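**Student:** I'd like to ask you about the structure that follows.
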Amino acid sequence: METLVNQIISGLSSGGIYATLALALVMIFKSTGRINFAQGEMAMFSTYLAWVLINAGIPYWIAFGATVLLAFGMGVAIERLVIRPLQHAPALSMVVVSVGLLVILNSVAGWMFTYTIKTFPSPFPVEPPFGLTFISWHELGSLGVTLLVVTLLYVFFRYTSLGLAMRAAAQNPESSRLVGIRVGWMLALGWGLAAAIGSTAGMLVAPKVFLDPYMMSGVLIYAFAAALLGGIDSPLGAIVGGFIVGLLENLVGAYLIGDELKLTLALVLIVGVLLLKPAGLFGQVIVKRV
């Protein structure tokens, strides 16, 4: 029973990280209709920036906040300089560009910080919480940070004028322009928010997987599985899908297939969802008259 509880809590903690990165993927898809394959590398690069700030003696949470702001600026800059000129280009152009960004960010990170694996600190205590040896403060803290991020995003998009304008620009750009919303800048802010959310996922997962230019490769696959399972156009689906994937990864890996094949489970989920229910659990089913 203790092992089962450990697997469930660890799965929820990992699922929260997958949900955060999946939410970033969904935000980009809702605003552009395209998948950003470089989302994981953007998070990785932001985590390296946090590592530099922490090693410079800046307290963890101040470095955390500064990294989120830097990641936001990086996302806005990428949209303005790279994505914006491709707004009328074929879908394949966006795929090629995002894959190119993935390779560029990975190579630049390796060049600047080397490919040597580095440790990334956790802001949470090392000793077990409440004397319970089957869970850790980092797992509980990661889950808490994820829920805080989700709550803040819900409040932002539900109750602020800027959040409502961003939702309107993503859902109906033409009508939004008619009422004076600057759709181009709303999309840029969406990229910035997605990069900021992704940086949070990177900083939460780095203490578990260590820091290197390839640290987000597996995490991105799990996030893709979460986004597709929940619905690639549904923020709620990304969150629910992330927790489901996290639980399945830990429980199935521990009791059925072993740790070596856990990543295969995410790939099976991706293929299965695309074959059986492409819209996911909460995604919008689009019907076209022919």
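Residue numbering restarts at 1 in every chain; chains get A, B, ... in the order shown in the structure tokens, and ligands count up from 1 in that same order.
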Name the residues in contact with segment 170-173 of chain A at a cut-off of 12 Å, using only C-alpha atoms, excluding same-chain residues fewer than 2 positions from it; report them as a PyMOL selection string.

**Tutor:** chain A and resi 26-33+157+163-168+175-191+233

**Student:** Mind dumping a table of every segment 172-256 of chain A residue within 9 Å of segment 141-146 of chain A, with the nearest atom pair and its distance in Å to one decimal, using only C-alpha atoms, sorted by chain and rising number, as CSV?

**Tutor:**
residue,atom,partner,partner_atom,distance
A:Thr200,CA,A:Thr146,CA,8.5
A:Ala201,CA,A:Thr146,CA,8.3
A:Leu204,CA,A:Ser142,CA,6.1
A:Val205,CA,A:Ser142,CA,8.4

**Student:** Residues of segment 21-255 of chain A in alpha helix (DSSP H) according to DSSP, as a ChimeraX atom specification?

**Tutor:** /A:21-32,39-55,60-78,91-113,137-159,161-171,173-178,183-209,217-230,235-252

**Student:** Choose the residue, out of A:Val99, A:Phe282, A:Leu276, A:Ser13, that has the smallest atom-to-atom separation from Glu139 of chain A; count only C-alpha atoms.

**Tutor:** A:Ser13

**Student:** I'd like the neighbourhood of segment 3-6 of chain A as a list in words, where a residue qualifies if any of its atoms comes within 8 Å (using only C-alpha atoms), though same-chain residues fewer than 3 positions away should be ignored.

**Tutor:** Ile9, Ser10, Phe134, Ile135 and Leu251 of chain A

**Student:** Within 8 Å of Gly202 of chain A, counting only C-alpha atoms, which residues qualify if same-chain residues fewer than 6 places away don't, as a list in words?

**Tutor:** Ala43, Met44, Ser46, Thr47 and Met216 of chain A

**Student:** At a cut-off of 9 Å, using only C-alpha atoms, what residues contact Val240 of chain A? Leave out same-chain residues fewer than 5 positions from it and give the result as a ChimeraX atom specification.

**Tutor:** /A:15,19,226-227,229-230,235,245

**Student:** I need the residues from that last selection saved to file as a compact mmCIF listing (two decimals), in the first residue's frame (with C-alpha atoms), if you can.

**Tutor:**
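Dumped to again_37.txt:
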# COMPACT_ATOMS: atom_id res chain seq x y z
CA GLY A 15 1.58 14.78 -14.24
CA ALA A 19 0.16 19.36 -17.68
CA ALA A 226 -1.24 14.79 -22.41
CA ALA A 227 -2.28 17.54 -24.83
CA LEU A 229 -5.40 12.95 -24.76
CA GLY A 230 -7.13 15.96 -23.26
CA PRO A 235 -6.67 24.06 -21.80
CA VAL A 245 -0.49 10.55 -18.25

**Student:** Measuring atom to atom with only C-alpha atoms, identify which of A:Leu236, A:Met42, A:Gly283, A:Gln7 is nearest to Thr151 of chain A.

**Tutor:**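 Smallest separation from Thr151 of chain A among the options: A:Leu236.
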
**Student:** Just the residues within 6 Å of segment 57-74 of chain A, please, counting only C-alpha atoms, with nothing from its chain fewer than 6 positions along; format it as a ChimeraX atom specification.

**Tutor:** /A:46,50,192-193,195-196

**Student:** Need to verify the contact set: Lys208 of chain A, 10 Å, only C-alpha atoms, exclusion of same-chain residues closer than 5 positions in sequence. Can you return it as a short mmCIF file (atom, residue, chain, number, x, y, z; two decimals) with C-alpha atoms, in the first residue's frame?

**Tutor:**
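Full text of out.cif as output:
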data_model
loop_
_atom_site.label_atom_id
_atom_site.label_comp_id
_atom_site.auth_asym_id
_atom_site.auth_seq_id
_atom_site.Cartn_x
_atom_site.Cartn_y
_atom_site.Cartn_z
CA SER A 14 5.03 14.35 -12.71
CA THR A 119 22.55 19.41 -10.86
CA PHE A 120 19.70 21.86 -10.42
CA PRO A 121 18.65 22.79 -6.90
CA SER A 122 15.19 22.22 -5.47
CA HIS A 138 9.71 18.33 -4.04
CA GLU A 139 6.83 16.18 -5.31
CA MET A 203 12.58 24.39 -13.46
CA MET A 215 16.53 17.11 -20.48
#

**Student:** Do you have the atom CA of Ala206 of chain A-atom CA of Ala225 of chain A distance handy?

**Tutor:**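 Computing it gives 20.0 Å between the two atoms.
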
**Student:** A:Thr116, A:Glu79, A:Ala223, A:Val150: which is nearest Ile197 of chain A, counting only C-alpha atoms?

**Tutor:** A:Val150

**Student:** Between A:Ala279, A:Val273, A:Val209, A:Leu25, which one has atoms that come closest to Ile117 of chain A, using only C-alpha atoms?

**Tutor:**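 Looking only at the distances to Ile117 of chain A, the closest residue turns out to be A:Val209.
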